[in-house]
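For reference, the structure discussed in these notes is given below.
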Amino acid sequence: MQTEQTIEKPEEENEQYTVKAFAGDVLDILECVAAAIFVVIIVFTFVVCVARVKGSSMVPTLEEGDRLAVSRLSDQYENGDILIINNWEGHPMDAEGNILTTTGFEERIVKRLIAQEGQTVDIDFSAGIVYVDGKALDEPFTNTPTTDPVNNALPLPLTVPEGYVFVLGDNRNGSSDSRSTLVGLVDRKDILGKVLIRILPFSKFGRIESAGAQNG
């Protein structure tokens with residue numbers, strides 16, 4: 001009667017098998033890492049990006065140093081949304097209503113959307129009240145009345161031209177916005193996205209709701 005014998009692999013073959021298995025595991029890990037990096041790149045290119053607040057133009061809503069998650073999914077915005085804007089150029093208007101091009105801050109800025117194309121915006125600087133389509137806005141998010149800058153960039157009242165929007169900072173006395181020749185009208189193609197969430201500081205982490213610049 002023959003007994004079944006166990007045939008052991010030579011030690012050299014076992015070592016080669018172990019090396020191949022290890023190499024396979026490493027390749028699997030690298031593939032997972034590469035896929036994760038690719039997904040992150042896609043997300044931060046087309047879906048969301050992170051912005052840092054500089055300055056005090058959006059106080060009290062946002063403060064210097066706040067880190068924000070910005071949605072890039074849609075180019076459709078509502079009045080009251082907080083936007084991140086590429087302000088490489090400003091677009092003031094002359095007295096005849098011609099849109100000019102000036103040098104902007106040459107950096108990203110954060111402002112609140114007040115009026116869009118086809119809407120008429122006006123400001124009663126003596127009372128500090130903003131009007132859109134003839135109706136006063138309820139703006140509880142501002143900390144000061146809307147004042148008249150030294151050199152207003154736009155003739156008011158103004159019907160916002162096609163392809164542009166009108167923006168203001170919440171800190172109306174300390175904001176360079178559509179009232180300034182450095183900003184003026186904002187070309188829609190220069191809007192990077194809408195602010196969704198405050199990431200930092202952690203003590204203020206949370207969604208940034210559109211204050212809705214509503215008609216009063």
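The chains in the structure tokens are called A, B, ... from first to last as shown; in each chain the residues are counted from 1, and the ligands are counted from 1 in the order shown.
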Q: Within 7 Å of Asp170 in chain A, counting only C-alpha atoms, which residues show up once you throw out same-chain ones fewer than 4 positions away? Write them as a list in words, please.
A: Ser57, Met58, Val59, Phe141, Thr142 and Asn143 of chain A
Q: Name the residues of range 59-148 of chain A that fall into strand (DSSP E or B) according to DSSP on the backbone, using the chain letters and numbers of this document, as a PyMOL selection string.
A: chain A and resi 67-71+82-91+93+99+102-116+120-124+129-132+135-138
For range 188-208 of chain A against range 60-74 of chain A, with a cut-off of 8 Å and counting only C-alpha atoms, what is the closest atom pair and its distance in Å to one decimal for every residue that makes the cut, ordered by chain and number, as a tab-separated table?
```
residue	atom	partner	partner_atom	distance
A:Leu192	CA	A:Arg72	CA	6.7
A:Gly193	CA	A:Arg72	CA	4.8
A:Lys194	CA	A:Ser71	CA	5.3
A:Val195	CA	A:Val70	CA	4.4
A:Leu196	CA	A:Val70	CA	5.6
A:Ile197	CA	A:Ala69	CA	5.1
A:Arg198	CA	A:Leu68	CA	4.5
A:Ile199	CA	A:Arg67	CA	5.3
A:Leu200	CA	A:Arg67	CA	4.9
A:Pro201	CA	A:Asp66	CA	6.3
```
Restricting it to N, CA and C atoms, dump the selection as a PDB file, in the first residue's frame.
```
ATOM      1  N   LEU A 192     -16.284  81.969 -10.041  1.00  0.00           N
ATOM      2  CA  LEU A 192     -15.702  80.642  -9.840  1.00  0.00           C
ATOM      3  C   LEU A 192     -16.736  79.670  -9.283  1.00  0.00           C
ATOM      4  N   GLY A 193     -17.589  80.127  -8.368  1.00  0.00           N
ATOM      5  CA  GLY A 193     -18.597  79.248  -7.798  1.00  0.00           C
ATOM      6  C   GLY A 193     -19.286  79.879  -6.605  1.00  0.00           C
ATOM      7  N   LYS A 194     -20.166  79.098  -6.006  1.00  0.00           N
ATOM      8  CA  LYS A 194     -20.984  79.543  -4.877  1.00  0.00           C
ATOM      9  C   LYS A 194     -20.457  78.929  -3.579  1.00  0.00           C
ATOM     10  N   VAL A 195     -20.326  79.758  -2.551  1.00  0.00           N
ATOM     11  CA  VAL A 195     -19.864  79.276  -1.247  1.00  0.00           C
ATOM     12  C   VAL A 195     -20.942  78.396  -0.615  1.00  0.00           C
ATOM     13  N   LEU A 196     -20.533  77.199  -0.163  1.00  0.00           N
ATOM     14  CA  LEU A 196     -21.464  76.270   0.463  1.00  0.00           C
ATOM     15  C   LEU A 196     -21.219  76.099   1.955  1.00  0.00           C
ATOM     16  N   ILE A 197     -19.951  75.829   2.311  1.00  0.00           N
ATOM     17  CA  ILE A 197     -19.626  75.435   3.683  1.00  0.00           C
ATOM     18  C   ILE A 197     -18.407  76.204   4.168  1.00  0.00           C
ATOM     19  N   ARG A 198     -18.445  76.612   5.432  1.00  0.00           N
ATOM     20  CA  ARG A 198     -17.251  77.134   6.099  1.00  0.00           C
ATOM     21  C   ARG A 198     -16.537  75.939   6.715  1.00  0.00           C
ATOM     22  N   ILE A 199     -15.320  75.670   6.270  1.00  0.00           N
ATOM     23  CA  ILE A 199     -14.553  74.520   6.745  1.00  0.00           C
ATOM     24  C   ILE A 199     -13.784  74.863   8.018  1.00  0.00           C
ATOM     25  N   LEU A 200     -13.150  76.006   8.010  1.00  0.00           N
ATOM     26  CA  LEU A 200     -12.367  76.482   9.157  1.00  0.00           C
ATOM     27  C   LEU A 200     -12.764  77.909   9.476  1.00  0.00           C
ATOM     28  N   PRO A 201     -12.687  78.307  10.747  1.00  0.00           N
ATOM     29  CA  PRO A 201     -12.289  77.500  11.906  1.00  0.00           C
ATOM     30  C   PRO A 201     -13.342  76.446  12.257  1.00  0.00           C
TER      31      PRO A 201
END
```
Would you give me, as a Markdown table, each residue of range 33-138 of chain A having an atom within 6 Å of an atom of range 144-165 of chain A, along with its shortest atom pair and that distance in Å to one decimal, using only C-alpha atoms and sorting by chain and residue number?
```
| residue | atom | partner | partner_atom | distance |
| --- | --- | --- | --- | --- |
| A:Pro92 | CA | A:Ala153 | CA | 4.8 |
| A:Met93 | CA | A:Leu154 | CA | 5.2 |
| A:Ala115 | CA | A:Val165 | CA | 5.9 |
| A:Gln116 | CA | A:Val165 | CA | 4.5 |
| A:Glu117 | CA | A:Val160 | CA | 4.6 |
| A:Gly118 | CA | A:Val160 | CA | 5.4 |
| A:Gln119 | CA | A:Thr159 | CA | 5.4 |
| A:Thr120 | CA | A:Thr159 | CA | 4.0 |
| A:Val121 | CA | A:Leu158 | CA | 5.4 |
| A:Asp122 | CA | A:Pro157 | CA | 4.4 |
| A:Phe125 | CA | A:Thr147 | CA | 5.2 |
| A:Gly128 | CA | A:Thr146 | CA | 4.3 |
```
Q: Write out as a PyMOL selection string each polymer residue whose atoms come within 12 Å of Val183 in chain A, counting only C-alpha atoms; drop sequence neighbours fewer than 6 positions from it.
A: chain A and resi 85-93+99-111+152-154+164-169+175-177+190
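Note that CA of Arg112 in chain A and CA of Ile82 in chain A are 4.4 Å apart.
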Q | One-decimal distance in Å that lies between CA of Leu182 in chain A and CA of Asp124 in chain A | A | 21.6 Å
